[in-house]
Number of protein chains: 4
Amino acid sequence: MRFFSDNAAPVHPAVLRALADADRLDTAYDGDRWSKALDARFAALFETESLRVLWVPSGTAANCLALAALCPPHGAVLCHRDSHIQNDECGAPEFFTHGAKLLLAEGAGAKLTPESAAAVLDLQRYDVHQQRPHALSITNATEYGRVYAPAEVAALGSLAAARGLGFHMDGARFANAVVSTGASPADLTWRAGVDALSFGFVKNGGMNAEALVFFRPELAEETLFRRKRAGHLLSKGRYLAAQLLAMLDGDLWRDCARASNAGAALLAEAAGERLVHPVEANEVFLRVTPAEAARLRSLGFDFYDWGPGEARLVISWDQRAEDIRPLAEAIAAL
Amino acid sequence: MRFFSDNAAPVHPAVLRALADADRLDTAYDGDRWSKALDARFAALFETESLRVLWVPSGTAANCLALAALCPPHGAVLCHRDSHIQNDECGAPEFFTHGAKLLLAEGAGAKLTPESAAAVLDLQRYDVHQQRPHALSITNATEYGRVYAPAEVAALGSLAAARGLGFHMDGARFANAVVSTGASPADLTWRAGVDALSFGFVKNGGMNAEALVFFRPELAEETLFRRKRAGHLLSKGRYLAAQLLAMLDGDLWRDCARASNAGAALLAEAAGERLVHPVEANEVFLRVTPAEAARLRSLGFDFYDWGPGEARLVISWDQRAEDIRPLAEAIAAL
Amino acid sequence: MRFFSDNAAPVHPAVLRALADADRLDTAYDGDRWSKALDARFAALFETESLRVLWVPSGTAANCLALAALCPPHGAVLCHRDSHIQNDECGAPEFFTHGAKLLLAEGAGAKLTPESAAAVLDLQRYDVHQQRPHALSITNATEYGRVYAPAEVAALGSLAAARGLGFHMDGARFANAVVSTGASPADLTWRAGVDALSFGFVKNGGMNAEALVFFRPELAEETLFRRKRAGHLLSKGRYLAAQLLAMLDGDLWRDCARASNAGAALLAEAAGERLVHPVEANEVFLRVTPAEAARLRSLGFDFYDWGPGEARLVISWDQRAEDIRPLAEAIAAL
Amino acid sequence: MRFFSDNAAPVHPAVLRALADADRLDTAYDGDRWSKALDARFAALFETESLRVLWVPSGTAANCLALAALCPPHGAVLCHRDSHIQNDECGAPEFFTHGAKLLLAEGAGAKLTPESAAAVLDLQRYDVHQQRPHALSITNATEYGRVYAPAEVAALGSLAAARGLGFHMDGARFANAVVSTGASPADLTWRAGVDALSFGFVKNGGMNAEALVFFRPELAEETLFRRKRAGHLLSKGRYLAAQLLAMLDGDLWRDCARASNAGAALLAEAAGERLVHPVEANEVFLRVTPAEAARLRSLGFDFYDWGPGEARLVISWDQRAEDIRPLAEAIAAL
């Protein structure tokens with residue numbers, strides 16, 4: 001049984017069915033009926049008409065198109081030292097923004113706070129010799145499976161507004177954050193000041209479609225050009241749009257996230273003192289000795305080591321409680 | 001009945017089945033069994049071990065990653081004035097290469113010749129005040145549905161070698177060119193000096209997977225980083241690899257191209273003197289008056305106007321002779 | 001006697017004196033009294049307070065910072081096929097703009113007309129598949145020594161305004177154009193719709209200082225960052241500012257241009273039917289056979305061949321009539 | 001009396017004289033006799049024929065052209081957290097390299113050690129999800145006026161070689177480091193593994209010419225194009241080359257650095273326990289209360305505050321002992 005990545009999981013059957021349903025003639029690129037339905041569907045979910053949605057085939061594309069919309073080449077983006085955009089995208093933010101600088105702030109569990117963010121902002125000189133901060137980017141849920149509650153996002157949104165920064169949320173696991181906090185998607189984003197959201201579906205049962213949601217619709221205009229220019233305007237876009245619509249149908253995205261969060265909670269309970277971070281989404285970070293890690297692997301559980309003496313376990317949408325319980329028991333028995 | 005784009009066509013059922021078959025757990029990105037199978041499968045097709053294949057979700061990404069591998073920011077790429085990379089990718093070549101310049105050459109039917117290419121190359125000064133040509137890029141089949149035979153490619157390959165240029169082929173409709181010329185994929189590419197091929201599948205029955213084939217494997221090394229950095233290393237890559245494998249299975253890609261080429265031939269025969277270009281692949285360019293175009297549309301046929309007095313008709317893999325015959329008859333009856 | 005480039009000429013003594021006069025302690029970069037005096041001095045010359053001036057050490061930097069201020073990476077700049085930004089800056093426009101495309105228009109003597117510019121603009125599709133035109137750039141005096149009169153600039157300015165394009169003038173030889181047309185600097189620029197002017201001094205007696213003049217002052221704000229980021233905010237900027245001030249003092253820039261224009265007129269008179277272009281500034285293009293060119297060189301005159309059967313002769317600020325007359329006579333005697 | 005920046009100092013009279021001496025006709029750009037003399041002159045100084053020198057008008061240009069030669073867009077450059085390229089160039093490294101990432105290491109006095117550098121390198125994952133380190137960049141003398149001795153440079157050079165990294169030295173104050181260590185320029189650079197040196201002259205008496213020295217001559221080839229493309233190939237380059245030659249003549253560059261180092265030593269002696277860093281070059285960092293800083297300023301001494309409770313004093317080539325002694329006494333008397 002594998003717990004190494006929610007990217008490794010299969011695609012939800014409803015998504016596969018949606019692909020088959022979309023397998024009809026329509027116009028190319030994003031002129032088809034599925035693509036055109038996105039704005040209205042997301043507007044309903046987010047309780048606002050002030051919204052534009054673009055499909056893209058990867059979270060990296062969503063993140064970096066958002067950053068390019070918010071930050072010029074001579075600007076800077078404030079993010080957490082352990083964020084995905086800093087550590088796991090091979091400089092895609094620098095590529096899409098044409099060389100903006102990532103300014104790195106601290107915070108437990110890869111969460112920024114207004115204080116940790118302000119500390120970095122206050123060190124900048126705001127003269128032409130430095131790249132001026134133009135945007136703030138946070139991840140919800142974070143790389144360590146922590147979530148920001150609406151009030152926490154709003155506190156950062158206030159800081160962003162006060163400092164004149166655009167505000168981006170990397171929501172590769174946004175679904176897990178919504179389910180975890182019980183907040184509405186609106187409260188967790190635009191009502192808290194978020195300008196652009198990378199709303200992830202691939203880790204949550206999708207195949208290769210993510211939603212880039214702009215709450216300032218004017219930001220979408222230039223991004224349409226940037227998306228094309230980056231090779232992300234796929235010619236048969238309806239197969240991406242259909243995936244997103246399928247995930248929204250009947251709140252499938254919530255069901256999937258609920259399942260993976262629940263699986264993580266099961267492990268968290270068993271792990272007790274071994275937990276490196278509180279478990280709030282679908283990731284569990286454990287303190288384990290090499291011998292303990294080997295023991296778990298010998299029992300057939302796959303996962304990544306995460307630095308010395310730690311292991312990362314990620315639960316996917318398709319793992320049921322009965323699949324996970326044996327691991328929980330094995331951890332408890334260590 | 002629509003004839004406006006092969007991008008509008010549905011996906012081949014075998015591709016959909018392949019997606020369902022791939023719908024199992026495996027590692028993320030391109031570490032899975034499907035992705036790992038690509039090199040060997042394409043090596044067999046191209047009769048060479050000197051080859052590396054990367055999947056990407058769009059032809060623009062394939063083209064521009066290839067160009068970036070062949071040309072530095074301060075270099076230039078020679079291509080046809082009517083090429084896709086010049087006119088239809090919103091500057092993606094400039095984005096991926098960080099500002100290389102496209103040098104534009106002439107040629108009937110959007111085909112370059114050694115003479116037309118040399119004419120442009122000879123005008124360059126080769127001093128530091130100009131971007132030095134580093135690559136040659138041709139499209140086979142071209143934007144106007146013309147094909148290059150192996151000897152024609154080889155003549156350009158010789159020019160490229162003599163001038164120290166890398167050689168890229170945009171093969172968004174490579175399948176149509178292979179079927180049209182009857183040449184082997186090898187004869188049409190690396191044996192004729194091609195270094196990198198964008199091998200298109202989406203216009204030919206695929207969903208969102210194209211193959212970037214390097215015949216100089218060392219070019220793939222840097223490109224792996226560039227692909228990631230451009231957001232094109234999708235996290236569930238096996239769903240792209242599976243599409244490519246399905247298209248290769250039993251030479252499905254040839255069958256699809258054979259079908260669309262045959263449909264175009266049917267129209268060509270009916271069009272006679274109206275043809276703007278010889279029909280060699282799956283595109284037909286007709287001289288029609290506005291009234292004639294309106295007449296065809298009133299009969300239910302969709303297509304694009306292509307400049308004043310011309311229309312473009314594109315046949316897709318799924319259009320059968322009986323679907324096309326009514327249009328052929330309507331054209332003949334104009 | 002050399003006639004190959006006005007870049008080869010020495011520096012005017014007044015400029016050298018100004019450097020010595022500026023050789024005192026002051027603040028670094030552009031905070032010094034000389035740099036701070038520029039706006040007012042150029043405002044007086046251009047009869048407008050709506051102006052910001054930045055020194056830069058090269059015309060390429062001036063041109064490309066202007067283009068970057070007017071055109072985003074996914075945009076296009078319309079210019080003449082024979083312009084310096086297209087042919088002689090090794091892709092600097094693409095570098096500074098992060099990949100904007102130059103669209104090339106025709107026109108005798110390297111001059112654009114509203115018609116030739118509109119012809120190119122009208123071919124663009126204005127969809128996301130093409131880089132949308134954002135700016136128009138002309139050169140005054142042109143590469144072939146032709147000048148635009150105020151009405152000609154204004155006609156292009158109207159086109160730019162109607163099409164929503166920023167308007168840049170490459171004025172590497174702006175002084176020659178001003179003197180040639182007898183127009184005021186204002187009439188030749190902002191009153192005719194020009195947004196940004198590269199005002200050249202180096203070819204006209206300066207050492208290494210050019211003025212980038214923005215008539216829309218807000219464009220200067222971002223450019224200050226771009227200038228720094230491109231390494232063009234020199235640390236002892238006062239030695240650049242002092243050059244510009246020296247050239248403005250007593251209208252020295254006009255005197256220098258008047259001298260070089262007059263020299264060219266002398267040659268033009270002698271050349272008669274040999275002239276390839278009317279001589280309106282300080283450049284003379286002659287039809288000469290190889291034997292005739294060799295004859296002139298054997299008499300000690302240096303110049304560049306300019307394609308087959310043509311020669312380019314450039315007059316510099318420091319060449320007096322008595323220096324030039326022997327060449328005029330030699331040409332007349334061919 | 002001002003002590004705020006060596007950029008504020010005047011130009012050495014010998015440099016001004018050299019400009020006047022160079023004020024003769026020659027070819028444009030870098031084809032003139034002065035520019036052509038550089039390689040041989042620097043080769044003699046550095047005791048190696050394996051060398052190419054390019055003039056540029058700013059240290060930022062020198063640094064960033066060097067980095068672009070050593071690191072691709074998808075690579076990373078390891079440097080000190082307090083380095084000039086990270087904090088004071090507005091992202092010029094990212095601009096010139098097209099988005100390479102700066103990896104930040106620690107070290108007292110802004111000096112890297114093999115250990116602090118390796119610590120950062122060891123944290124990188126060396127997969128396609130991260131920008132792979134391609135270069136190491138150090139500053140000698142550092143931002144805090146510390147110097148690297150040859151053995152220290154060589155230890156970092158060994159690390160660079162072992163890790164496959166290019167090695168760049170930002171020598172904006174290289175002259176001060178040479179004089180301070182007593183080492184030969186060769187021992188401090190290529191014999192210690194340095195591939196590219198930004199050899200600064202502007203802070204040491206020059207006007208606007210710096211030398212970019214490549215000890216791997218092949219790196220210069222592409223850089224010639226990059227220099228042009230960045231607007232740094234000035235058209236009257238001889239006025240830059242002449243400055244460099246003047247500074248090399250009779251070892252003027254050493255004399256200037258010796259003078260400014262000596263001035264700093266004078267202050268250091270007076271400062272005693274107040275020193276934040278050992279004084280090894282021409283910069284002095286003092287612990288002073290706001291009241292003490294105010295006191296010094298009231299006596300007519302200008303300098304920058306450098307964070308809370310600290311002041312930075314920089315000595316220029318033209319400040320004589322008798323100019324500096326009053327400040328030394330004032331500091332001692334605090």
# chains A, B, ... in the order shown; residues from 1 in each chain; ligands from 1
>>> interface_residues(of="chain C", to="chain B", cutoff="10 Å", atoms="only C-alpha atoms", output="PyMOL selection string")
chain C and resi 73-76+84-102+123-125+127-132+307
>>> residues_around(residues="region 142-155 of chain A", least_positions_apart="2", cutoff="6 Å", atoms="only C-alpha atoms", output="tab-separated table (two decimals) with N, CA, C and O atoms, in the first residue's frame")
chain	number	residue	atom	x	y	z
A	109	GLY	N	5.32	25.06	10.27
A	109	GLY	CA	4.42	24.30	9.41
A	109	GLY	C	4.28	24.87	8.03
A	109	GLY	O	3.30	24.64	7.33
A	110	ALA	N	5.28	25.65	7.60
A	110	ALA	CA	5.28	26.30	6.29
A	110	ALA	C	4.17	27.34	6.16
A	110	ALA	O	3.77	27.70	5.05
A	139	THR	N	0.39	28.98	0.63
A	139	THR	CA	-0.09	27.67	0.20
A	139	THR	C	-1.08	27.15	1.23
A	139	THR	O	-0.79	27.14	2.42
A	140	ASN	N	-2.25	26.75	0.73
A	140	ASN	CA	-3.29	26.29	1.65
A	140	ASN	C	-3.99	25.09	1.04
A	140	ASN	O	-4.63	25.22	0.00
A	157	GLY	N	-4.17	38.92	4.13
A	157	GLY	CA	-4.78	39.76	3.09
A	157	GLY	C	-4.73	41.23	3.48
A	157	GLY	O	-4.51	42.11	2.63
A	158	SER	N	-4.92	41.51	4.75
A	158	SER	CA	-4.84	42.90	5.21
A	158	SER	C	-3.42	43.43	5.05
A	158	SER	O	-3.20	44.57	4.62
A	177	ALA	N	-8.03	21.95	2.42
A	177	ALA	CA	-8.12	23.08	3.34
A	177	ALA	C	-9.58	23.47	3.57
A	177	ALA	O	-9.98	23.79	4.70
A	181	THR	N	-11.11	23.20	7.29
A	181	THR	CA	-11.52	24.38	8.05
A	181	THR	C	-13.04	24.48	8.14
A	181	THR	O	-13.57	25.18	9.01
A	187	ASP	N	-14.93	32.48	1.76
A	187	ASP	CA	-14.31	33.01	2.97
A	187	ASP	C	-12.81	32.74	3.01
A	187	ASP	O	-12.04	33.51	3.58
A	188	LEU	N	-12.44	31.67	2.37
A	188	LEU	CA	-11.03	31.28	2.42
A	188	LEU	C	-10.21	31.97	1.34
A	188	LEU	O	-9.00	31.84	1.31
A	192	ALA	N	-11.15	37.09	1.98
A	192	ALA	CA	-9.96	37.31	2.80
A	192	ALA	C	-8.86	38.04	2.04
A	192	ALA	O	-7.74	38.14	2.51
A	280	GLU	N	-3.80	18.38	9.64
A	280	GLU	CA	-5.01	19.15	9.35
A	280	GLU	C	-5.54	18.89	7.95
A	280	GLU	O	-6.63	19.35	7.61
A	281	ALA	N	-4.76	18.20	7.14
A	281	ALA	CA	-5.22	17.92	5.78
A	281	ALA	C	-4.94	16.45	5.48
A	281	ALA	O	-5.29	15.59	6.30
A	283	GLU	N	-1.85	15.05	4.78
A	283	GLU	CA	-0.46	14.67	4.91
A	283	GLU	C	-0.10	14.45	6.38
A	283	GLU	O	-0.55	15.19	7.25
>>> select_by_dssp(residues="region 68-220 of chain A", states="strand (DSSP E or B)", output="number ranges by chain")
A: 75-80, 101-105, 132-139, 166-171, 196-199, 210-214
>>> write_last_selection(atoms="N, CA, C and O atoms", output="CSV table (one decimal), in the first residue's frame")
chain,number,residue,atom,x,y,z
A,75,GLY,N,10.1,42.9,-9.9
A,75,GLY,CA,9.5,42.8,-8.6
A,75,GLY,C,9.9,41.6,-7.8
A,75,GLY,O,10.7,40.8,-8.2
A,76,ALA,N,9.3,41.5,-6.6
A,76,ALA,CA,9.6,40.3,-5.8
A,76,ALA,C,8.3,39.7,-5.2
A,76,ALA,O,7.3,40.5,-5.1
A,77,VAL,N,8.3,38.4,-4.9
A,77,VAL,CA,7.2,37.7,-4.4
A,77,VAL,C,7.6,37.2,-3.0
A,77,VAL,O,8.6,36.5,-2.9
A,78,LEU,N,6.8,37.5,-2.0
A,78,LEU,CA,7.1,37.0,-0.7
A,78,LEU,C,6.4,35.7,-0.5
A,78,LEU,O,5.2,35.5,-0.7
A,79,CYS,N,7.2,34.6,-0.1
A,79,CYS,CA,6.6,33.3,0.1
A,79,CYS,C,7.3,32.6,1.3
A,79,CYS,O,8.3,33.1,1.8
A,80,HIS,N,6.9,31.5,1.6
A,80,HIS,CA,7.5,30.7,2.7
A,80,HIS,C,8.8,30.1,2.2
A,80,HIS,O,8.8,29.6,1.1
A,101,LYS,N,12.1,38.0,-8.0
A,101,LYS,CA,12.8,37.3,-7.0
A,101,LYS,C,11.8,36.8,-5.9
A,101,LYS,O,10.8,37.5,-5.6
A,102,LEU,N,12.0,35.6,-5.4
A,102,LEU,CA,11.2,35.1,-4.3
A,102,LEU,C,11.9,35.5,-3.0
A,102,LEU,O,13.1,35.2,-2.8
A,103,LEU,N,11.2,36.2,-2.2
A,103,LEU,CA,11.7,36.6,-0.8
A,103,LEU,C,11.2,35.6,0.1
A,103,LEU,O,10.0,35.3,0.1
A,104,LEU,N,12.0,35.1,1.0
A,104,LEU,CA,11.7,33.9,1.8
A,104,LEU,C,11.4,34.3,3.2
A,104,LEU,O,12.3,34.8,3.9
A,105,ALA,N,10.3,33.9,3.7
A,105,ALA,CA,9.9,34.2,5.1
A,105,ALA,C,9.8,32.8,5.9
A,105,ALA,O,9.6,31.8,5.3
A,132,ARG,N,11.3,45.3,-5.7
A,132,ARG,CA,10.3,45.7,-4.8
A,132,ARG,C,9.2,44.6,-4.7
A,132,ARG,O,8.8,44.1,-5.7
A,133,PRO,N,8.8,44.3,-3.5
A,133,PRO,CA,7.7,43.3,-3.3
A,133,PRO,C,6.5,43.8,-4.0
A,133,PRO,O,6.0,44.9,-3.8
A,134,HIS,N,5.9,42.9,-4.8
A,134,HIS,CA,4.7,43.1,-5.5
A,134,HIS,C,3.6,42.1,-5.1
A,134,HIS,O,2.4,42.4,-5.5
A,135,ALA,N,4.0,41.0,-4.6
A,135,ALA,CA,3.0,40.0,-4.3
A,135,ALA,C,3.4,39.1,-3.1
A,135,ALA,O,4.5,39.0,-2.7
A,136,LEU,N,2.3,38.5,-2.5
A,136,LEU,CA,2.4,37.6,-1.4
A,136,LEU,C,1.8,36.3,-1.9
A,136,LEU,O,0.8,36.3,-2.5
A,137,SER,N,2.5,35.2,-1.6
A,137,SER,CA,2.0,33.9,-2.0
A,137,SER,C,2.0,33.0,-0.9
A,137,SER,O,3.0,32.8,-0.2
A,138,ILE,N,0.8,32.4,-0.6
A,138,ILE,CA,0.8,31.4,0.5
A,138,ILE,C,0.2,30.1,-0.1
A,138,ILE,O,-0.4,30.1,-1.2
A,139,THR,N,0.4,29.0,0.6
A,139,THR,CA,-0.1,27.7,0.2
A,139,THR,C,-1.1,27.1,1.2
A,139,THR,O,-0.8,27.1,2.4
A,166,GLY,N,-0.2,42.2,-4.4
A,166,GLY,CA,-1.2,41.2,-4.9
A,166,GLY,C,-1.1,40.0,-4.0
A,166,GLY,O,0.0,39.7,-3.3
A,167,PHE,N,-2.1,39.2,-4.0
A,167,PHE,CA,-2.2,38.1,-3.0
A,167,PHE,C,-2.6,36.8,-3.8
A,167,PHE,O,-3.7,36.7,-4.3
A,168,HIS,N,-1.7,35.8,-3.8
A,168,HIS,CA,-1.9,34.6,-4.5
A,168,HIS,C,-2.0,33.4,-3.5
A,168,HIS,O,-1.2,33.4,-2.5
A,169,MET,N,-2.9,32.5,-3.7
A,169,MET,CA,-2.9,31.3,-2.9
A,169,MET,C,-2.7,30.1,-3.8
A,169,MET,O,-3.4,29.9,-4.8
A,170,ASP,N,-1.6,29.3,-3.4
A,170,ASP,CA,-1.4,28.0,-4.1
A,170,ASP,C,-2.3,27.0,-3.4
A,170,ASP,O,-2.0,26.6,-2.3
A,171,GLY,N,-3.3,26.6,-4.1
A,171,GLY,CA,-4.3,25.7,-3.6
A,171,GLY,C,-4.2,24.3,-4.2
A,171,GLY,O,-5.2,23.7,-4.6
A,196,ALA,N,-5.8,35.8,-6.6
A,196,ALA,CA,-5.7,34.7,-7.5
A,196,ALA,C,-5.5,33.4,-6.8
A,196,ALA,O,-4.7,33.3,-5.8
A,197,LEU,N,-6.2,32.4,-7.2
A,197,LEU,CA,-6.1,31.0,-6.6
A,197,LEU,C,-5.8,30.0,-7.6
A,197,LEU,O,-6.4,29.9,-8.6
A,198,SER,N,-4.7,29.2,-7.3
A,198,SER,CA,-4.5,28.0,-8.0
A,198,SER,C,-5.3,26.9,-7.3
A,198,SER,O,-4.9,26.4,-6.3
A,199,PHE,N,-6.4,26.5,-8.0
A,199,PHE,CA,-7.3,25.5,-7.3
A,199,PHE,C,-7.0,24.2,-7.9
A,199,PHE,O,-7.2,23.9,-9.1
A,210,GLU,N,-6.2,21.8,-13.9
A,210,GLU,CA,-6.2,22.6,-12.7
A,210,GLU,C,-6.9,23.9,-13.0
A,210,GLU,O,-7.0,24.3,-14.2
A,211,ALA,N,-7.5,24.5,-12.0
A,211,ALA,CA,-8.2,25.8,-12.3
A,211,ALA,C,-7.4,27.0,-11.8
A,211,ALA,O,-7.0,27.0,-10.6
A,212,LEU,N,-7.2,27.9,-12.6
A,212,LEU,CA,-6.6,29.2,-12.2
A,212,LEU,C,-7.7,30.2,-12.1
A,212,LEU,O,-8.3,30.6,-13.1
A,213,VAL,N,-8.0,30.6,-10.8
A,213,VAL,CA,-9.2,31.4,-10.6
A,213,VAL,C,-8.7,32.9,-10.2
A,213,VAL,O,-7.9,33.0,-9.2
A,214,PHE,N,-9.1,33.8,-11.0
A,214,PHE,CA,-8.8,35.2,-10.7
A,214,PHE,C,-10.0,35.9,-10.1
A,214,PHE,O,-11.1,35.8,-10.7
>>> closest_residue(among="C:Ala9, C:Ala262, C:Ala328, C:Met247", to="Asp23 (chain D)", atoms="only C-alpha atoms")
C:Ala9
>>> residues_around(residues="Ser35 (chain D)", least_positions_apart="5", cutoff="12 Å", atoms="only C-alpha atoms", output="VMD selection string")
chain D and resid 22 26 to 30 40 to 42 52 to 56 209 211 233 to 245
